[in-house]
Amino acid sequence: MDFSQPQLTDDDLAFREEVRAFLATHVTEDVKRRDRETGDNFDEVVHLALGAAGYLEAEWKTEADGGFPRVRRRIWELEKRRAHVPWVTWGTTAMVARSVASFGSPELCEEILPGVFSGHIRLCLGYTEPEGGSDVATCKTRAVRDGDSWVINGSKMFTTGAHNCQYVFLITNTDPDARKHQSLTMFLVPLNTPGIEIQGLRTVDGDRTNIVYYSDVRVDDKYRLGEVNGGWTVLREPLNVEHGAVDANPDGLQDVSIMMHQANFMAVAVDKAGEVAGRSGSIADRSVAYRLGRAAARVEASLSAPSIFGRVALAQAMRDVSPDLMDLLGSASALPIDTDGAIDGGASDYVFRFAPLVGIYGGTLEVFRNMIAQYVLGLGKPNYSPPVVKAPS
């Protein structure tokens with residue numbers, strides 16, 4: 001592993017200052033407070049400003065197509081994270097826009113991509129169903145062809161950002177008699193279509209997600225992505241990105257795994273706990289010092305784990321480290337951010353409430369561990385059938 005620091009040119013340093021000034025101007029304390037209150041992980045004013053400044057397009061495009069050069073991309077990603085830019089809706093938008101570019105018609109690309117770059121069009125993920133769990137291929141939401149359009153009925157859970165988006169990347173079942181991976185068709189459904197109802201859900205960490213109902217929703221065939229019953233091909237790459245199962249770039253300038261944004265909150269919480277322990281003198285207690293050191297070691301190890309392994313390590317570390325920090329800090333650590341008397345500014349409480357969700361996003365930790373066991377360790381498919389009870393001889 002190469003820990004050397006890249007040498008920044010004068011132009012790169014000027015770009016970093018430009019980005020810092022832009023983000024300081026637009027991502028204000030009021031923006032951060034509103035984001036905590038709404039749980040949206042999105043601010044339209046900030047998002048449109050990013051689009052108008054060209055940052056969204058530069059982040060989405062490759063360097064060959066006019067996007068950020070690799071070093072500037074890394075600078076941009078780090079500064080955006082440090083400024084706590086509300087980011088989730090752009091993350092889903094960028095992911096889906098790549099599928100539109102790959103599988104959409106020229107007409108659809110022209111309808112969608114310019115608005116994505118300007119910030120006026122946002123895209124969300126319509127995957128999970130109320131009874132579907134992490135296996136999105138068990139989709140029950142039906143799409144039935146009717147001439148040049150499709151009629152969609154069903155419901156989706158955890159469609160984060162739907163209330164701030166214009167389209168949803170929707171998995172549907174178009175052949176209930178086929179095998180599950182051969183029955184799926186993907187659509188980019190306009191969310192202002194009659195028959196769509198969005199209901200908000202708040203999670204334990206304060207975030208907002210949504211359940212979305214589709215009742216006789218009529219969608220033109222131009223919004224279909226890929227072949228009929230060929231949706232798994234369209235869906236595979238976005239799922240790999242969401243799972244973190246993608247190859248690292250050889251230049252080493254990207255995050256070693258996904259969920260680094262969330263992991264940053266964990267690292268901050270450990271730092272603040274150490275600051276409190278040092279200020280109070282409790283760090284002199286060897287058991288306190290040991291537990292803080294163990295937490296810091298867990299954080300560092302998880303931050304260094306690559307690909308899908310890092311996703312699992314980060315989520316598990318958040319679950320293990322946050323309650324230990326709260327135990328060390330005492331009852332005042334249970335007070336949330338911006339609450340008078342929160343001993344660490346609410347950092348450990350936030351990570352504690354956030355940790356279960358990080359182990360669910362894009363699939364549960366159990367799913368990812370099974371993927372590692374099956375595809376990396378060669379242990380075969382998990383067997384969930386009940387044990388065979390032998391009759392007494």
# chains A, B, ... in the order shown; residues from 1 in each chain; ligands from 1
>>> closest_atom_pairs(of="stretch 117-168 of chain A", to="stretch 53-76 of chain A", cutoff="12 Å", atoms="only C-alpha atoms", output="JSON lines")
{"residue": "A:Phe117", "atom": "CA", "partner": "A:Glu57", "partner_atom": "CA", "distance": 4.8}
{"residue": "A:Ser118", "atom": "CA", "partner": "A:Leu56", "partner_atom": "CA", "distance": 7.4}
{"residue": "A:Gly119", "atom": "CA", "partner": "A:Leu56", "partner_atom": "CA", "distance": 7.4}
{"residue": "A:His120", "atom": "CA", "partner": "A:Leu56", "partner_atom": "CA", "distance": 11.1}
{"residue": "A:Ile121", "atom": "CA", "partner": "A:Leu56", "partner_atom": "CA", "distance": 11.6}
{"residue": "A:Arg122", "atom": "CA", "partner": "A:Leu56", "partner_atom": "CA", "distance": 11.5}
>>> residues_around(residues="A:Gly154", least_positions_apart="2", cutoff="9 Å", atoms="only C-alpha atoms", output="NGL selection string")
:A and (129 or 140-143 or 152 or 156 or 172 or 212-216)
>>> closest_residue(among="A:Leu23, A:Val96, A:Ala289, A:Val367", to="A:Leu78", atoms="only C-alpha atoms")
A:Leu23
>>> closest_residue(among="A:Val85, A:Leu8, A:Ile198, A:Ala313", to="A:Arg36", atoms="only C-alpha atoms")
A:Val85
>>> residues_around(residues="A:Leu123", least_positions_apart="5", cutoff="6 Å", atoms="only C-alpha atoms", output="list in words")
Thr93, Cys165, Tyr167 and Val168 of chain A
>>> write_last_selection(atoms="N, CA, C and O atoms", output="PDB file, in the first residue's frame")
ATOM      1  N   THR A  93     -28.743   9.668  -8.303  1.00  0.00           N
ATOM      2  CA  THR A  93     -28.921  10.257  -9.636  1.00  0.00           C
ATOM      3  C   THR A  93     -27.776   9.880 -10.562  1.00  0.00           C
ATOM      4  O   THR A  93     -27.988   9.458 -11.704  1.00  0.00           O
ATOM      5  N   CYS A 165     -37.208  13.931  -6.213  1.00  0.00           N
ATOM      6  CA  CYS A 165     -36.758  13.469  -7.525  1.00  0.00           C
ATOM      7  C   CYS A 165     -37.872  13.568  -8.558  1.00  0.00           C
ATOM      8  O   CYS A 165     -39.050  13.675  -8.222  1.00  0.00           O
ATOM      9  N   TYR A 167     -37.731  11.256 -11.391  1.00  0.00           N
ATOM     10  CA  TYR A 167     -37.866   9.926 -11.994  1.00  0.00           C
ATOM     11  C   TYR A 167     -37.386   8.873 -10.997  1.00  0.00           C
ATOM     12  O   TYR A 167     -36.525   9.152 -10.150  1.00  0.00           O
ATOM     13  N   VAL A 168     -37.948   7.664 -11.132  1.00  0.00           N
ATOM     14  CA  VAL A 168     -37.509   6.539 -10.324  1.00  0.00           C
ATOM     15  C   VAL A 168     -37.057   5.405 -11.242  1.00  0.00           C
ATOM     16  O   VAL A 168     -37.692   5.102 -12.243  1.00  0.00           O
TER      17      VAL A 168
END
>>> atom_distance(atom1="atom CA of A:Ser155", atom2="atom CA of A:Asn173")
12.1 Å
>>> atom_distance(atom1="atom CA of A:Leu379", atom2="atom CA of A:Trp232")
24.3 Å
>>> residues_around(residues="A:Gly126", least_positions_apart="4", cutoff="8 Å", atoms="only C-alpha atoms", output="PDB file with all heavy atoms, in the first residue's frame")
ATOM      1  N   LYS A 156     -43.090  -0.052  -3.447  1.00  0.00           N
ATOM      2  CA  LYS A 156     -41.655  -0.127  -3.161  1.00  0.00           C
ATOM      3  C   LYS A 156     -41.371   0.563  -1.822  1.00  0.00           C
ATOM      4  O   LYS A 156     -41.922   1.624  -1.525  1.00  0.00           O
ATOM      5  CB  LYS A 156     -40.830   0.560  -4.257  1.00  0.00           C
ATOM      6  CG  LYS A 156     -40.970  -0.066  -5.644  1.00  0.00           C
ATOM      7  CD  LYS A 156     -40.301  -1.411  -5.747  1.00  0.00           C
ATOM      8  CE  LYS A 156     -40.402  -1.975  -7.166  1.00  0.00           C
ATOM      9  NZ  LYS A 156     -39.732  -3.288  -7.280  1.00  0.00           N
ATOM     10  N   MET A 157     -40.483  -0.064  -1.054  1.00  0.00           N
ATOM     11  CA  MET A 157     -40.030   0.511   0.217  1.00  0.00           C
ATOM     12  C   MET A 157     -38.654   1.149   0.038  1.00  0.00           C
ATOM     13  O   MET A 157     -37.898   0.784  -0.858  1.00  0.00           O
ATOM     14  CB  MET A 157     -39.916  -0.584   1.271  1.00  0.00           C
ATOM     15  CG  MET A 157     -41.251  -1.055   1.821  1.00  0.00           C
ATOM     16  SD  MET A 157     -41.971   0.127   2.974  1.00  0.00           S
ATOM     17  CE  MET A 157     -40.902  -0.078   4.394  1.00  0.00           C
ATOM     18  N   PHE A 158     -38.337   2.071   0.947  1.00  0.00           N
ATOM     19  CA  PHE A 158     -37.002   2.664   1.029  1.00  0.00           C
ATOM     20  C   PHE A 158     -36.582   3.328  -0.278  1.00  0.00           C
ATOM     21  O   PHE A 158     -35.430   3.226  -0.699  1.00  0.00           O
ATOM     22  CB  PHE A 158     -35.964   1.616   1.463  1.00  0.00           C
ATOM     23  CG  PHE A 158     -36.346   0.869   2.704  1.00  0.00           C
ATOM     24  CD1 PHE A 158     -36.391  -0.519   2.726  1.00  0.00           C
ATOM     25  CD2 PHE A 158     -36.683   1.566   3.855  1.00  0.00           C
ATOM     26  CE1 PHE A 158     -36.760  -1.196   3.878  1.00  0.00           C
ATOM     27  CE2 PHE A 158     -37.057   0.892   5.014  1.00  0.00           C
ATOM     28  CZ  PHE A 158     -37.093  -0.500   5.022  1.00  0.00           C
ATOM     29  N   THR A 159     -37.540   4.017  -0.912  1.00  0.00           N
ATOM     30  CA  THR A 159     -37.220   4.786  -2.117  1.00  0.00           C
ATOM     31  C   THR A 159     -36.751   6.165  -1.663  1.00  0.00           C
ATOM     32  O   THR A 159     -37.483   7.159  -1.723  1.00  0.00           O
ATOM     33  CB  THR A 159     -38.438   4.879  -3.061  1.00  0.00           C
ATOM     34  OG1 THR A 159     -38.934   3.572  -3.315  1.00  0.00           O
ATOM     35  CG2 THR A 159     -38.043   5.513  -4.380  1.00  0.00           C
ATOM     36  N   VAL A 168     -37.948   7.664 -11.132  1.00  0.00           N
ATOM     37  CA  VAL A 168     -37.509   6.539 -10.324  1.00  0.00           C
ATOM     38  C   VAL A 168     -37.057   5.405 -11.242  1.00  0.00           C
ATOM     39  O   VAL A 168     -37.692   5.102 -12.243  1.00  0.00           O
ATOM     40  CB  VAL A 168     -38.629   6.056  -9.367  1.00  0.00           C
ATOM     41  CG1 VAL A 168     -39.900   5.680 -10.125  1.00  0.00           C
ATOM     42  CG2 VAL A 168     -38.146   4.882  -8.521  1.00  0.00           C
ATOM     43  N   PHE A 169     -35.934   4.824 -10.912  1.00  0.00           N
ATOM     44  CA  PHE A 169     -35.342   3.679 -11.620  1.00  0.00           C
ATOM     45  C   PHE A 169     -36.018   2.438 -11.054  1.00  0.00           C
ATOM     46  O   PHE A 169     -35.648   1.937  -9.992  1.00  0.00           O
ATOM     47  CB  PHE A 169     -33.844   3.687 -11.348  1.00  0.00           C
ATOM     48  CG  PHE A 169     -33.016   2.694 -12.108  1.00  0.00           C
ATOM     49  CD1 PHE A 169     -33.047   2.605 -13.484  1.00  0.00           C
ATOM     50  CD2 PHE A 169     -32.135   1.860 -11.417  1.00  0.00           C
ATOM     51  CE1 PHE A 169     -32.237   1.709 -14.169  1.00  0.00           C
ATOM     52  CE2 PHE A 169     -31.312   0.972 -12.088  1.00  0.00           C
ATOM     53  CZ  PHE A 169     -31.375   0.895 -13.469  1.00  0.00           C
ATOM     54  N   LEU A 170     -37.029   1.932 -11.766  1.00  0.00           N
ATOM     55  CA  LEU A 170     -37.985   0.986 -11.192  1.00  0.00           C
ATOM     56  C   LEU A 170     -37.812  -0.425 -11.735  1.00  0.00           C
ATOM     57  O   LEU A 170     -37.833  -0.651 -12.946  1.00  0.00           O
ATOM     58  CB  LEU A 170     -39.416   1.465 -11.476  1.00  0.00           C
ATOM     59  CG  LEU A 170     -40.528   0.721 -10.752  1.00  0.00           C
ATOM     60  CD1 LEU A 170     -40.498   1.008  -9.256  1.00  0.00           C
ATOM     61  CD2 LEU A 170     -41.891   1.112 -11.339  1.00  0.00           C
ATOM     62  N   ILE A 171     -37.664  -1.383 -10.809  1.00  0.00           N
ATOM     63  CA  ILE A 171     -37.645  -2.803 -11.168  1.00  0.00           C
ATOM     64  C   ILE A 171     -39.077  -3.296 -11.209  1.00  0.00           C
ATOM     65  O   ILE A 171     -39.843  -3.113 -10.253  1.00  0.00           O
ATOM     66  CB  ILE A 171     -36.881  -3.638 -10.127  1.00  0.00           C
ATOM     67  CG1 ILE A 171     -35.485  -3.100  -9.897  1.00  0.00           C
ATOM     68  CG2 ILE A 171     -36.829  -5.094 -10.551  1.00  0.00           C
ATOM     69  CD1 ILE A 171     -34.760  -3.806  -8.761  1.00  0.00           C
TER      70      ILE A 171
END
>>> closest_residue(among="A:Leu328, A:Val268, A:Val100, A:Leu113", to="A:Gly346", atoms="only C-alpha atoms")
A:Val268
>>> residues_around(residues="A:Glu300", least_positions_apart="2", cutoff="12 Å", atoms="only C-alpha atoms", output="ChimeraX atom specification")
/A:260,263-264,266-267,270,293-298,302-305,310,313-314,317-318,321
>>> select_by_dssp(residues="stretch 51-222 of chain A", states="alpha helix (DSSP H)", output="MDAnalysis selection string")
chainID A and resid 51:52 55:60 70:82 88:103 106:118
>>> closest_residue(among="A:Gly91, A:Gly195, A:Pro306, A:Gly341", to="A:Phe42", atoms="only C-alpha atoms")
A:Gly91
>>> residues_around(residues="A:Val19", least_positions_apart="3", cutoff="9 Å", atoms="only C-alpha atoms", output="ChimeraX atom specification")
/A:14-16,22-24,75-76,79-80
>>> write_last_selection(atoms="all heavy atoms", output="compact mmCIF listing (two decimals), in the first residue's frame")
# COMPACT_ATOMS: atom_id res chain seq x y z
N ALA A 14 -4.99 25.81 -6.47
CA ALA A 14 -5.96 26.88 -6.73
C ALA A 14 -7.37 26.31 -6.85
O ALA A 14 -8.34 26.91 -6.37
CB ALA A 14 -5.57 27.63 -8.00
N PHE A 15 -7.48 25.14 -7.50
CA PHE A 15 -8.78 24.48 -7.62
C PHE A 15 -9.32 24.12 -6.23
O PHE A 15 -10.51 24.31 -5.95
CB PHE A 15 -8.65 23.23 -8.48
CG PHE A 15 -9.88 22.39 -8.52
CD1 PHE A 15 -10.99 22.77 -9.26
CD2 PHE A 15 -9.95 21.20 -7.80
CE1 PHE A 15 -12.14 22.00 -9.29
CE2 PHE A 15 -11.09 20.41 -7.84
CZ PHE A 15 -12.18 20.81 -8.58
N ARG A 16 -8.47 23.61 -5.36
CA ARG A 16 -8.91 23.25 -4.01
C ARG A 16 -9.44 24.48 -3.26
O ARG A 16 -10.49 24.41 -2.60
CB ARG A 16 -7.76 22.63 -3.22
CG ARG A 16 -8.19 22.11 -1.84
CD ARG A 16 -7.04 21.42 -1.13
NE ARG A 16 -5.97 22.35 -0.80
CZ ARG A 16 -4.84 22.00 -0.20
NH1 ARG A 16 -4.62 20.72 0.09
NH2 ARG A 16 -3.90 22.90 0.07
N PHE A 22 -16.34 27.90 -2.60
CA PHE A 22 -17.69 27.66 -3.12
C PHE A 22 -18.54 26.92 -2.09
O PHE A 22 -19.69 27.32 -1.81
CB PHE A 22 -17.60 26.84 -4.41
CG PHE A 22 -18.94 26.52 -5.02
CD1 PHE A 22 -19.50 27.37 -5.96
CD2 PHE A 22 -19.64 25.37 -4.65
CE1 PHE A 22 -20.74 27.09 -6.52
CE2 PHE A 22 -20.87 25.08 -5.21
CZ PHE A 22 -21.42 25.95 -6.14
N LEU A 23 -18.00 25.86 -1.52
CA LEU A 23 -18.77 25.05 -0.57
C LEU A 23 -19.04 25.83 0.72
O LEU A 23 -20.13 25.73 1.30
CB LEU A 23 -18.04 23.75 -0.26
CG LEU A 23 -17.89 22.80 -1.45
CD1 LEU A 23 -17.12 21.55 -1.05
CD2 LEU A 23 -19.24 22.40 -2.03
N ALA A 24 -18.08 26.63 1.17
CA ALA A 24 -18.30 27.43 2.37
C ALA A 24 -19.41 28.44 2.15
O ALA A 24 -20.17 28.77 3.08
CB ALA A 24 -17.01 28.14 2.76
N ILE A 75 -9.67 15.63 -5.02
CA ILE A 75 -9.81 16.86 -4.24
C ILE A 75 -11.27 17.20 -4.05
O ILE A 75 -11.72 17.50 -2.93
CB ILE A 75 -9.07 18.03 -4.93
CG1 ILE A 75 -7.56 17.80 -4.90
CG2 ILE A 75 -9.43 19.36 -4.27
CD1 ILE A 75 -6.78 18.79 -5.75
N TRP A 76 -12.04 17.13 -5.12
CA TRP A 76 -13.47 17.45 -5.08
C TRP A 76 -14.19 16.52 -4.11
O TRP A 76 -14.99 16.98 -3.26
CB TRP A 76 -14.05 17.34 -6.48
CG TRP A 76 -15.54 17.34 -6.53
CD1 TRP A 76 -16.36 16.31 -6.88
CD2 TRP A 76 -16.41 18.45 -6.24
NE1 TRP A 76 -17.67 16.69 -6.81
CE2 TRP A 76 -17.72 17.99 -6.42
CE3 TRP A 76 -16.19 19.76 -5.83
CZ2 TRP A 76 -18.83 18.82 -6.21
CZ3 TRP A 76 -17.29 20.57 -5.61
CH2 TRP A 76 -18.59 20.10 -5.80
N GLU A 79 -13.19 17.36 -0.40
CA GLU A 79 -13.70 18.64 0.06
C GLU A 79 -15.22 18.61 0.22
O GLU A 79 -15.77 19.19 1.16
CB GLU A 79 -13.29 19.77 -0.89
CG GLU A 79 -11.79 20.02 -0.94
CD GLU A 79 -11.19 20.34 0.42
OE1 GLU A 79 -11.88 20.99 1.24
OE2 GLU A 79 -10.05 19.93 0.67
N LYS A 80 -15.89 17.90 -0.68
CA LYS A 80 -17.34 17.77 -0.58
C LYS A 80 -17.72 17.04 0.71
O LYS A 80 -18.68 17.39 1.39
CB LYS A 80 -17.86 17.01 -1.81
CG LYS A 80 -19.36 17.00 -1.96
CD LYS A 80 -19.78 16.42 -3.29
CE LYS A 80 -19.36 14.98 -3.45
NZ LYS A 80 -20.05 14.32 -4.58
>>> atom_distance(atom1="atom CA of A:Gln374", atom2="atom CA of A:Ala94")
29.5 Å
>>> select_by_dssp(residues="stretch 68-308 of chain A", states="strand (DSSP E)", output="number ranges by chain")
A: 123-126, 142-146, 149-156, 167-173, 184-190, 196-202, 208-220, 224-225
>>> residues_around(residues="A:Leu357", least_positions_apart="2", cutoff="10 Å", atoms="only C-alpha atoms", output="list of chain:residue names")
A:Thr203, A:Val204, A:Asp205, A:Asp207, A:Ala315, A:Arg319, A:Phe352, A:Arg353, A:Phe354, A:Ala355, A:Gly359, A:Ile360, A:Tyr361, A:Gly362, A:Thr364
